[in-house]
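Heads up, the thing below is written out as structure tokens.
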Amino acid sequence: MKTNILKYISAAVLSVFLFSSCLDDLNSIPLDKNVLVGEEVYSTASGYRGVIAKCYASLIQTGQQGGDGGNGDVNGIDEGYSGYTRALFYLQEASTDEIALHAGSGHGTFAMLFMNWDSSTKVVSYPYYRLYMSISYCNEFLRECTEDKLRSRGVYDELKDEFESYRAEARFIRAYCYSMICDLYGSGPFIDETMVLSTIPHQKSREEIYNFVVSEAETVALELKAPGANQYGRVDRVAAWFLLARVYLNSEVWVGKKEYEKAYQYSKKVVLEGFYPLASDYRNIFLADNNTCTEIIWPLVQDATNAQSSAGTNFLIKALVNGPMNDYYKTGIGSRGWGNARVKTQLVDMFDLSDQTFDPLDTWGDKKKDKRAQFFTIEHTKETWVVGKEFQKDFANGYACIKWRNVTKDRKELAENGTVYSSIDYPMFRTADAYLMAAESILRGASGTKEEALNYVNEVRDRAYLSGNYGSAASGRIKTAELTLDFILDERARELHTELTRRTDLIRFNKYTKNYNWDWKGSDGAANNYIGKNVDDKYNLFPIPQDEFTVNPYLTQNPNYTK
């Protein structure tokens with residue numbers, strides 16, 4: 001149940017344990033040295049459970065007190081901005097054809113819109129620091145969660161049936177974090193639990209980090225709990241299969257290896273053996289009771305009372321809507337929307353014209369063909385620009401995205417006028433993505449047939465249209481001749497928009513810096529410069545943050561960026 005993992009996440013946050021050895025782990029990472037508790041935390045079994053909960057929570061929470069309590073995990077960064085999924089949104093979504101962001105310019109968010117960032121751009125550094133902080137938590141846990149230490153502290157008998165699973169989970173989280181370092185920055189400092197503390201970490205190449213991720217994920221795929229056997233909010237073997245599928249799918253871009261057969265086999269394994277069938281209704285995946293959704297393989301748990309932050313889905317729902325929209329449909333947060341991120345025309349136009357507009361008499365889009373076309377259009381233009389004017393910080397320039405709603409699947413609010421924080425769990429990995437990865441892998445040369453690939457895609461589209469096995473509405477199925485890699489790329493946008501995959505997808509399809517343009521790409525924001533253009537290929541990687549070079553002499557910057 002959701003409340004079980006929340007209990008441990010809450011305990012982890014309230015205990016304020018930033019560890020001395022953890023802090024020594026990365027001299028180059030500006031962690032906040034708040035309270036050092038050492039042996040006190042590890043003196044009880046509940047302490048160990050709290051630490052592994054903190055490893056999970058570090059990817060969804062922002063600090064030690066919840067909300068924006070002023071006791072953030074990462075020193076020197078606005079607490080709300082420091083949250084991992086929010087930080088990743090800026091890099092993975094706001095730099096693509098999906099989202100135009102017009103707030104937070106002091107953090108460098110306009111550099112994402114115009115694709116002109118450099119090593120001093122603040123938001124470029126936020127995922128970097130958060131990922132390495134999570135890695136250091138996992139390393140700390142792995143050092144302390146050994147049989148010898150459990151016995152010496154008198155907690156072995158209580159944890160003997162669980163501690164190996166905890167270790168596998170920590171290794172999985174660390175492998176995921178390194179996979180994102182590989183994706184976003186290419187290379188970076190490498191630290192694991194075996195390294196001598198207080199040493200400055202050396203940089204590993206992209207291929208070395210890739211190889212580490214693959215090795216760790218392959219190992220923990222055998223050690224994690226069986227599909228569906230773990231507590232809600234914690235990973236099982238399916239998460240490792242999914243991670244491997246994603247890493248292998250991107251291996252040609254990352255390290256020049258075509259591993260599409262492996263990507264196909266692991267994504268197929270998720271689909272056929274994974275215990276996580278597609279949800280009966282696409283819209284239910286993004287609601288406040290999505291902990292009951294069958295499809296989410298790895299959720300990051302949020303709760304309006306017990307797991308608050310200004311990152312995660314709280315950021316998503318508030319950034320993508322504004323207060324007046326609550327007069328037309330129930331956002332679940334009342335009028336608390338910020339209204340600072342709108343949808344670009346390219347994403348809207350991937351849907352049928354008849355599905356694009358919002359009907360105040362059909363606020364859930366029940367009458368739409370494709371239920372994934374969730375946009376708010378009243379008093380909004382589709383265009384993200386105004387002819388003759390520079391880029392406008394105006395939420396009405398561009399449709400709003402209403403995919404995320406802090407209400408339940410029976411379409412009720414959690415409280416009158418909504419709650420201050422979101423209770424939508426963040427779906428890190430979900431099964432529909434595996435269907436699309438399997439189909440793409442086949443089209444890129446894996447051993448499956450094109451008919452099989454077509455079936456994977458059409459299963460996802462059946463669910464989106466509530467047809468076939470999911471209802472009696474008109475079908476959205478495509479034919480074999482329509483199934484191309486370009487169609488897969490667009491289908492991934494329709495299915496996964498705002499779910500932190502878009503930049504990676506565009507790069508894999510060679511359409512990020514070149515061959516495809518979108519609103520404001522490569523622009524300076526001047527009047528009539530809204531038509532996108534090609535940019536330098538260096539932007540396929542983000543630079544290692546400039547501040548790192550003042551404390552770590554072993555680092556080399558990515559090509560064509562200055563230190």
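We name chains A, B, ... following the order of the structure tokens; residues begin at 1 in each chain, and ligands are numbered from 1 as shown.
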**Q.** Selection: 10 Å around segment 156-168 of chain A, only C-alpha atoms, excl. self and same-chain fewer than 4 positions, as a PyMOL selection string
**A.** chain A and resi 44-46+48-49+51-53+138-139+141-152+172-174+216-217+219-225+230+234-237
Exercise. Any idea what's packed within 9 Å of segment 487-495 of chain A, counting only C-alpha atoms, ignoring anything in its chain fewer than 5 positions away? Could you give it as a VMD selection string?
Worked result: chain A and resid 98 282 347 to 348 350 to 351 372 to 373 432 to 433 436 439 to 440 457 460 to 461 464 482 501 to 502 505 to 506 509
Worksheet item: Which of these residues is nearest to Tyr137 of chain A, using only C-alpha atoms: A:Ala415, A:Cys55, A:Cys182, A:Ile442?
Response: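 Between A:Ala415, A:Cys55, A:Cys182, A:Ile442, the residue approaching Tyr137 of chain A most closely is A:Cys55.
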When you count only C-alpha atoms, which of these residues is closest to Tyr266 of chain A: A:Ser179, A:Thr431, A:Asn558, A:Thr480?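 Of A:Ser179, A:Thr431, A:Asn558, A:Thr480, the one nearest Tyr266 of chain A, counting only C-alpha atoms, is A:Thr431.
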query: What does the distance from atom CA of Asp366 of chain A to atom CA of Arg463 of chain A come to in Å, to one decimal?
result: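 These two atoms are separated by 13.1 Å.
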Just the number, please: distance in Å from atom CA of Asn211 of chain A to atom CA of Thr562 of chain A, one decimal.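 Between atom CA of Asn211 of chain A and atom CA of Thr562 of chain A the gap works out to 27.2 Å.
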Output as a compact mmCIF listing (two decimals) with C-alpha atoms, in the first residue's frame all residues of segment 71-304 of chain A that backbone DSSP marks as helix (DSSP H, G or I).
```txt
# COMPACT_ATOMS: atom_id res chain seq x y z
CA GLU A 79 14.79 23.99 -2.79
CA GLY A 80 11.89 23.65 -5.21
CA TYR A 81 14.17 23.79 -8.24
CA SER A 82 16.51 21.20 -6.71
CA TYR A 84 15.02 15.75 -9.35
CA THR A 85 11.95 15.33 -11.55
CA ARG A 86 11.47 19.10 -11.74
CA ALA A 87 15.14 19.65 -12.61
CA LEU A 88 14.92 16.93 -15.24
CA PHE A 89 11.77 18.48 -16.71
CA TYR A 90 13.74 21.58 -17.67
CA LEU A 91 16.34 19.54 -19.54
CA GLN A 92 14.21 16.74 -21.00
CA SER A 105 14.63 32.87 -16.18
CA GLY A 106 17.07 33.61 -13.35
CA HIS A 107 17.79 29.88 -13.25
CA THR A 109 15.25 28.22 -18.16
CA PHE A 110 15.16 30.46 -21.23
CA ALA A 111 18.38 28.77 -22.33
CA MET A 112 16.35 25.58 -22.56
CA LEU A 113 13.70 27.28 -24.70
CA PHE A 114 16.25 28.82 -27.08
CA LYS A 122 22.09 27.03 -13.53
CA VAL A 123 19.38 24.54 -14.47
CA VAL A 124 21.93 22.44 -16.35
CA SER A 125 23.60 21.70 -13.01
CA TYR A 126 20.49 20.85 -10.98
CA PRO A 127 19.96 17.24 -12.18
CA TYR A 128 23.72 16.67 -11.98
CA TYR A 129 23.91 17.54 -8.29
CA ARG A 130 20.71 15.72 -7.42
CA LEU A 131 21.80 12.54 -9.21
CA TYR A 132 25.17 12.48 -7.49
CA MET A 133 23.51 13.14 -4.16
CA SER A 134 21.25 10.12 -4.69
CA ILE A 135 24.27 8.06 -5.72
CA SER A 136 26.03 9.03 -2.51
CA TYR A 137 23.02 8.00 -0.41
CA CYS A 138 23.03 4.61 -2.11
CA ASN A 139 26.77 4.21 -1.58
CA GLU A 140 26.36 5.06 2.09
CA PHE A 141 23.62 2.49 2.51
CA LEU A 142 25.64 -0.22 0.75
CA ARG A 143 28.64 0.41 3.01
CA GLU A 144 26.54 0.06 6.13
CA GLU A 147 25.95 -8.88 7.15
CA ASP A 148 28.96 -8.12 9.35
CA LYS A 149 27.69 -4.67 10.28
CA LEU A 150 24.16 -5.88 10.84
CA ARG A 151 25.46 -8.54 13.23
CA SER A 152 27.74 -6.13 15.05
CA TYR A 156 20.75 -8.99 11.75
CA ASP A 157 17.98 -11.30 12.99
CA GLU A 158 15.35 -8.67 12.28
CA LEU A 159 16.69 -7.84 8.81
CA PHE A 163 18.66 -6.79 3.74
CA GLU A 164 19.79 -8.44 0.50
CA SER A 165 16.69 -7.06 -1.23
CA TYR A 166 17.43 -3.63 0.24
CA ARG A 167 20.97 -3.81 -1.14
CA ALA A 168 19.71 -4.78 -4.59
CA GLU A 169 17.29 -1.85 -4.52
CA ALA A 170 20.04 0.60 -3.59
CA ARG A 171 22.18 -0.76 -6.42
CA PHE A 172 19.26 -0.38 -8.83
CA ILE A 173 18.65 3.25 -7.83
CA ARG A 174 22.36 3.99 -8.20
CA ALA A 175 22.45 2.30 -11.62
CA TYR A 176 19.45 4.37 -12.73
CA CYS A 177 21.21 7.55 -11.57
CA TYR A 178 24.36 6.67 -13.46
CA SER A 179 22.27 5.88 -16.57
CA MET A 180 20.98 9.45 -16.44
CA ILE A 181 24.50 10.85 -15.99
CA CYS A 182 25.40 8.85 -19.12
CA ASP A 183 22.36 10.21 -20.97
CA LEU A 184 22.56 13.87 -19.95
CA ARG A 206 30.64 7.51 -21.16
CA GLU A 207 31.37 3.92 -22.15
CA GLU A 208 32.73 3.06 -18.70
CA ILE A 209 29.61 4.46 -17.02
CA TYR A 210 27.40 2.68 -19.54
CA ASN A 211 29.18 -0.62 -18.86
CA PHE A 212 28.76 -0.13 -15.10
CA VAL A 213 25.02 0.51 -15.49
CA VAL A 214 24.55 -2.57 -17.64
CA SER A 215 26.54 -4.78 -15.28
CA GLU A 216 24.70 -3.56 -12.19
CA ALA A 217 21.26 -3.78 -13.78
CA GLU A 218 21.93 -7.29 -15.11
CA THR A 219 23.04 -8.38 -11.64
CA VAL A 220 20.18 -6.87 -9.65
CA ALA A 221 17.68 -8.22 -12.18
CA LEU A 222 18.44 -11.57 -10.57
CA GLU A 223 18.47 -10.30 -6.98
CA ARG A 237 12.89 -7.30 -11.14
CA VAL A 238 10.64 -5.68 -13.72
CA ALA A 239 12.18 -2.28 -13.03
CA ALA A 240 15.63 -3.72 -13.78
CA TRP A 241 14.33 -5.26 -17.03
CA PHE A 242 12.83 -1.91 -17.99
CA LEU A 243 16.05 -0.03 -17.19
CA LEU A 244 18.05 -2.48 -19.29
CA ALA A 245 15.62 -2.10 -22.20
CA ARG A 246 15.97 1.69 -22.08
CA VAL A 247 19.77 1.61 -21.78
CA TYR A 248 20.18 -0.90 -24.60
CA LEU A 249 17.78 1.07 -26.80
CA SER A 251 23.34 2.33 -26.60
CA GLU A 252 24.05 3.24 -30.23
CA VAL A 253 23.84 6.93 -29.35
CA TRP A 254 25.66 6.61 -26.04
CA VAL A 255 28.50 4.25 -26.92
CA TYR A 260 18.46 -3.42 -30.25
CA GLU A 261 18.06 -7.16 -29.86
CA LYS A 262 18.73 -6.88 -26.14
CA ALA A 263 16.42 -3.87 -25.90
CA TYR A 264 13.72 -5.91 -27.62
CA GLN A 265 14.16 -8.96 -25.39
CA TYR A 266 14.01 -6.96 -22.16
CA SER A 267 11.09 -4.76 -23.21
CA LYS A 268 9.23 -7.86 -24.40
CA LYS A 269 9.96 -9.44 -21.02
CA VAL A 270 8.38 -6.44 -19.30
CA VAL A 271 5.28 -6.78 -21.47
CA LEU A 272 4.85 -10.55 -21.22
CA GLU A 273 6.19 -11.39 -17.75
CA TYR A 282 -4.87 6.13 -20.03
CA ARG A 283 -6.13 9.04 -17.96
CA ASN A 284 -6.08 7.03 -14.72
CA ILE A 285 -2.27 6.88 -14.77
CA PHE A 286 -1.99 10.57 -13.91
CA ASN A 290 -2.78 6.20 -9.38
CA ASN A 291 -1.31 3.96 -6.68
CA THR A 292 -4.17 1.66 -7.74
```
Inset, instruction - Just the residues within 7 Å of Pro299 of chain A, please, counting only C-alpha atoms, with nothing from its chain fewer than 3 positions along; format it as a list in words. - result: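 So the residues in contact are Gly233, Ile296, Asp425, Tyr426, Pro427 and Met428 of chain A.
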Nearest candidate to Phe391 of chain A (options A:Tyr516, A:Phe429, A:Tyr465, A:Tyr530; using only C-alpha atoms):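 Looking only at the distances to Phe391 of chain A, the closest residue turns out to be A:Tyr530.
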Write out as a CSV table (one decimal) with C-alpha atoms, in the first residue's frame the set of residues from segment 184-428 of chain A that DSSP, computed on the backbone, places in strand (DSSP E).
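Printed below is selection-v5.csv as written:
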```csv
chain,number,residue,atom,x,y,z
A,188,GLY,CA,31.3,12.3,-15.0
A,189,PRO,CA,33.0,11.5,-11.7
A,203,GLN,CA,36.0,10.9,-14.2
A,204,LYS,CA,34.9,7.8,-16.1
A,296,ILE,CA,3.2,1.8,-13.1
A,297,ILE,CA,6.3,-0.3,-12.6
A,298,TRP,CA,8.3,2.2,-10.5
A,299,PRO,CA,6.3,5.0,-8.9
A,300,LEU,CA,7.9,7.8,-6.9
A,341,ALA,CA,4.7,26.2,-18.9
A,342,ARG,CA,2.6,25.8,-22.1
A,343,VAL,CA,2.5,23.3,-24.9
A,375,PHE,CA,-5.2,20.3,-23.7
A,376,PHE,CA,-6.9,23.4,-22.3
A,400,ALA,CA,-2.2,24.3,-21.5
A,401,CYS,CA,-1.6,20.6,-20.7
A,426,TYR,CA,5.2,10.0,-10.3
A,427,PRO,CA,5.3,7.1,-12.9
A,428,MET,CA,9.0,6.7,-13.5
```
Length of the atom CA of Tyr435 of chain A to atom CA of Ser447 of chain A vector [Å]: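 It comes out at 15.1 Å.
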Show me, as CSV, the residues of segment 27-133 of chain A having an atom within 10 Å of segment 319-335 of chain A, each with the closest atom pair and its distance in Å, using only C-alpha atoms.
```
residue,atom,partner,partner_atom,distance
A:Ile99,CA,A:Leu320,CA,9.3
A:Leu101,CA,A:Ala319,CA,8.8
A:Ala103,CA,A:Ala319,CA,9.2
```
Find the residue from A:Leu414, A:Ala100, A:Val155, A:Ala279 that sits nearest to Ala396 of chain A; use only C-alpha atoms when measuring.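 For Ala396 of chain A, the nearest of the given residues is A:Ala100.
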Near Gly63 of chain A, counting only C-alpha atoms, which residues have an atom at most 6 Å away, once you skip same-chain residues fewer than 3 positions from it, shown as a short mmCIF file (atom, residue, chain, number, x, y, z; two decimals) with C-alpha atoms, in the first residue's frame?
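Resulting contents of part10.cif:
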```
data_model
loop_
_atom_site.label_atom_id
_atom_site.label_comp_id
_atom_site.auth_asym_id
_atom_site.auth_seq_id
_atom_site.Cartn_x
_atom_site.Cartn_y
_atom_site.Cartn_z
CA ASN A 71 16.13 22.59 4.89
CA GLY A 72 16.85 21.43 1.36
CA ASP A 73 19.00 18.46 0.45
#
```
* Asked: What's the 8 Å shell around Thr377 of chain A, counting only C-alpha atoms, without same-chain residues fewer than 4 positions away, as an MDAnalysis selection string?
  -> chainID A and resid 357:358 381:382 399:400
